[in-house]
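Chemist: Supplied structure: my_file.pdb, PDB, C-alpha atoms and all ligand atoms.
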ATOM      1  CA  MET Q1169     217.714  34.400 244.630  1.00  0.00           C
ATOM      2  CA  GLN Q1170     218.005  31.163 246.581  1.00  0.00           C
ATOM      3  CA  ASN Q1171     217.676  31.109 250.366  1.00  0.00           C
ATOM      4  CA  GLU Q1172     220.728  30.121 252.374  1.00  0.00           C
ATOM      5  CA  PRO Q1173     220.335  26.833 254.254  1.00  0.00           C
ATOM      6  CA  ILE Q1174     219.750  27.251 257.963  1.00  0.00           C
ATOM      7  CA  LEU Q1175     221.600  25.365 260.666  1.00  0.00           C
ATOM      8  CA  PHE Q1176     218.828  24.503 263.114  1.00  0.00           C
ATOM      9  CA  LYS Q1177     219.138  23.957 266.824  1.00  0.00           C
ATOM     10  CA  SER Q1178     216.648  23.802 269.628  1.00  0.00           C
ATOM     11  CA  LEU Q1179     216.103  26.658 272.033  1.00  0.00           C
ATOM     12  CA  LYS Q1180     216.437  25.919 275.727  1.00  0.00           C
ATOM     13  CA  LEU Q1181     213.945  27.792 277.879  1.00  0.00           C
ATOM     14  CA  GLU Q1182     212.914  27.539 281.510  1.00  0.00           C
ATOM     15  CA  LEU Q1183     209.324  28.747 281.403  1.00  0.00           C
ATOM     16  CA  GLU Q1184     207.222  29.521 284.427  1.00  0.00           C
ATOM     17  CA  PRO Q1185     204.111  27.360 284.853  1.00  0.00           C
ATOM     18  CA  GLY Q1186     201.297  28.622 282.663  1.00  0.00           C
ATOM     19  CA  ILE Q1187     199.654  28.470 279.259  1.00  0.00           C
ATOM     20  CA  TYR Q1188     201.777  29.293 276.211  1.00  0.00           C
ATOM     21  CA  TYR Q1189     201.409  29.223 272.444  1.00  0.00           C
ATOM     22  CA  TRP Q1190     204.166  27.641 270.350  1.00  0.00           C
ATOM     23  CA  CYS Q1191     204.795  29.396 267.060  1.00  0.00           C
ATOM     24  CA  SER Q1192     204.186  26.880 264.278  1.00  0.00           C
ATOM     25  CA  CYS Q1193     204.872  29.309 261.427  1.00  0.00           C
ATOM     26  CA  ALA Q1194     207.038  27.348 259.007  1.00  0.00           C
ATOM     27  CA  ASP Q1195     208.932  30.441 257.883  1.00  0.00           C
ATOM     28  CA  ASN Q1196     209.776  31.840 261.283  1.00  0.00           C
ATOM     29  CA  PHE Q1197     212.652  29.906 262.794  1.00  0.00           C
ATOM     30  CA  GLU Q1198     213.539  32.422 265.469  1.00  0.00           C
ATOM     31  CA  LEU Q1199     210.225  32.422 267.292  1.00  0.00           C
ATOM     32  CA  VAL Q1200     209.273  29.709 269.743  1.00  0.00           C
ATOM     33  CA  ILE Q1201     206.567  31.530 271.642  1.00  0.00           C
ATOM     34  CA  CYS Q1202     203.896  32.994 269.370  1.00  0.00           C
ATOM     35  CA  ASP Q1203     203.892  36.782 269.067  1.00  0.00           C
ATOM     36  CA  SER Q1204     200.555  36.874 267.186  1.00  0.00           C
ATOM     37  CA  SER Q1205     202.227  37.945 263.936  1.00  0.00           C
ATOM     38  CA  HIS Q1206     201.045  34.783 262.122  1.00  0.00           C
ATOM     39  CA  LYS Q1207     198.887  35.003 259.038  1.00  0.00           C
ATOM     40  CA  ASP Q1208     198.596  31.493 257.630  1.00  0.00           C
ATOM     41  CA  CYS Q1209     199.330  29.231 260.588  1.00  0.00           C
ATOM     42  CA  VAL Q1210     197.785  28.307 263.902  1.00  0.00           C
ATOM     43  CA  PRO Q1211     199.861  28.408 267.078  1.00  0.00           C
ATOM     44  CA  LEU Q1212     199.847  25.369 269.335  1.00  0.00           C
ATOM     45  CA  GLN Q1213     198.614  25.898 272.873  1.00  0.00           C
ATOM     46  CA  PHE Q1214     200.572  24.062 275.546  1.00  0.00           C
ATOM     47  CA  GLU Q1215     200.745  24.100 279.305  1.00  0.00           C
ATOM     48  CA  ILE Q1216     203.796  24.115 281.527  1.00  0.00           C
ATOM     49  CA  THR Q1217     203.003  22.756 284.968  1.00  0.00           C
ATOM     50  CA  GLU Q1218     206.513  22.660 286.379  1.00  0.00           C
ATOM     51  CA  LYS Q1219     209.357  25.118 285.904  1.00  0.00           C
ATOM     52  CA  ARG Q1220     212.277  23.260 284.370  1.00  0.00           C
ATOM     53  CA  LEU Q1221     214.721  23.666 281.497  1.00  0.00           C
ATOM     54  CA  ARG Q1222     213.346  22.190 278.266  1.00  0.00           C
ATOM     55  CA  SER Q1223     214.400  22.199 274.620  1.00  0.00           C
ATOM     56  CA  TYR Q1224     211.887  23.791 272.276  1.00  0.00           C
ATOM     57  CA  CYS Q1225     211.715  23.194 268.544  1.00  0.00           C
ATOM     58  CA  THR Q1226     212.708  26.009 266.199  1.00  0.00           C
ATOM     59  CA  CYS Q1227     212.797  24.002 262.949  1.00  0.00           C
ATOM     60  CA  LYS Q1228     209.032  23.419 263.185  1.00  0.00           C
ATOM     61  CA  GLN Q1229     209.412  19.805 262.042  1.00  0.00           C
ATOM     62  CA  THR Q1230     209.327  18.101 265.443  1.00  0.00           C
ATOM     63  CA  LYS Q1231     206.854  15.278 265.941  1.00  0.00           C
ATOM     64  CA  THR Q1232     206.459  16.279 269.595  1.00  0.00           C
ATOM     65  CA  PRO Q1233     205.653  20.004 269.466  1.00  0.00           C
ATOM     66  CA  PRO Q1234     206.510  22.273 271.102  1.00  0.00           C
ATOM     67  CA  PHE Q1235     209.500  20.237 272.218  1.00  0.00           C
ATOM     68  CA  CYS Q1236     212.540  19.310 270.183  1.00  0.00           C
ATOM     69  CA  ASP Q1237     212.681  15.612 269.258  1.00  0.00           C
ATOM     70  CA  GLY Q1238     215.991  15.797 267.395  1.00  0.00           C
ATOM     71  CA  THR Q1239     214.455  16.004 263.898  1.00  0.00           C
ATOM     72  CA  HIS Q1240     216.475  19.162 263.255  1.00  0.00           C
ATOM     73  CA  LYS Q1241     219.629  17.015 263.112  1.00  0.00           C
ATOM     74  CA  GLU Q1242     218.266  15.164 260.059  1.00  0.00           C
ATOM     75  CA  ILE Q1243     217.433  18.480 258.383  1.00  0.00           C
ATOM     76  CA  ASN Q1244     220.893  19.850 259.164  1.00  0.00           C
ATOM     77  CA  ALA Q1245     222.518  16.698 257.733  1.00  0.00           C
ATOM     78  CA  LEU Q1246     220.586  17.200 254.482  1.00  0.00           C
ATOM     79  CA  ASN Q1247     221.389  20.925 254.300  1.00  0.00           C
ATOM     80  CA  PHE Q1248     225.040  20.555 255.292  1.00  0.00           C
ATOM     81  CA  PRO Q1249     226.339  17.185 254.046  1.00  0.00           C
ATOM     82  CA  GLU Q1250     229.881  16.374 255.141  1.00  0.00           C
TER      83      GLU Q1250
HETATM   84  S1  LIG Q1301     214.674  22.130 266.656  1.00  0.00           S
HETATM   85 FE1  LIG Q1301     214.906  20.064 267.223  1.00  0.00          FE
HETATM   86  S2  LIG Q1301     213.269  19.078 266.247  1.00  0.00           S
HETATM   87 FE2  LIG Q1301     213.048  21.136 265.669  1.00  0.00          FE
END
Is it possible to give me this structure as structure tokens?
Ligand code: FES
Modeler:
Amino acid sequence: MQNEPILFKSLKLELEPGIYYWCSCADNFELVICDSSHKDCVPLQFEITEKRLRSYCTCKQTKTPPFCDGTHKEINALNFPE
């Protein structure tokens, strides 16, 4: 059975200042903040120093983790050609 293509979009969060771990698991597109359920991947530690709304990557292909850099739009264009 073939997996259905996923329409990716970033997740906007306004996190309090502190240390967080971005979920880098390639097969978990719903998690942004690590829940320690990983088996074969390493979460990315990052620090928020100022509370403000930011876009976090859910496609796990960003070049600027944990933040969305727009790469998901290229993936969506490949998965859903017009
Ligand atoms: S969700 Fe935008 S780059 Fe991953």
Chemist: Hey, what's within 6 Å of stretch 1207-1215 of chain Q if we count all atoms listed in the file and toss same-chain stuff fewer than 5 positions away? As a ChimeraX atom specification, please?
Modeler: /Q:1186-1193
Chemist: Within 12 Å of ligand LIG 1301 (chain Q), which residues show up when you count all atoms listed in the file? List them as a PyMOL selection string, please.
Modeler: chain Q and resi 1174-1180+1190-1192+1194+1197-1200+1222-1244
Chemist: The residues within 9 Å of (210.8, 30.2, 285.1), using all atoms listed in the file and the coordinates of the file, should be reported as a list of chain:residue names; which are they?
Modeler: Q:Leu1181, Q:Glu1182, Q:Leu1183, Q:Glu1184, Q:Pro1185, Q:Glu1218, Q:Lys1219, Q:Arg1220, Q:Leu1221
Chemist: Go through Q:Asn1247, Q:Ile1216, Q:Ser1204, Q:Asp1195 and flag the residue nearest Q:Glu1172, using all atoms listed in the file for the distances.
Modeler: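 Closest to Q:Glu1172 of all the choices is Q:Asn1247.
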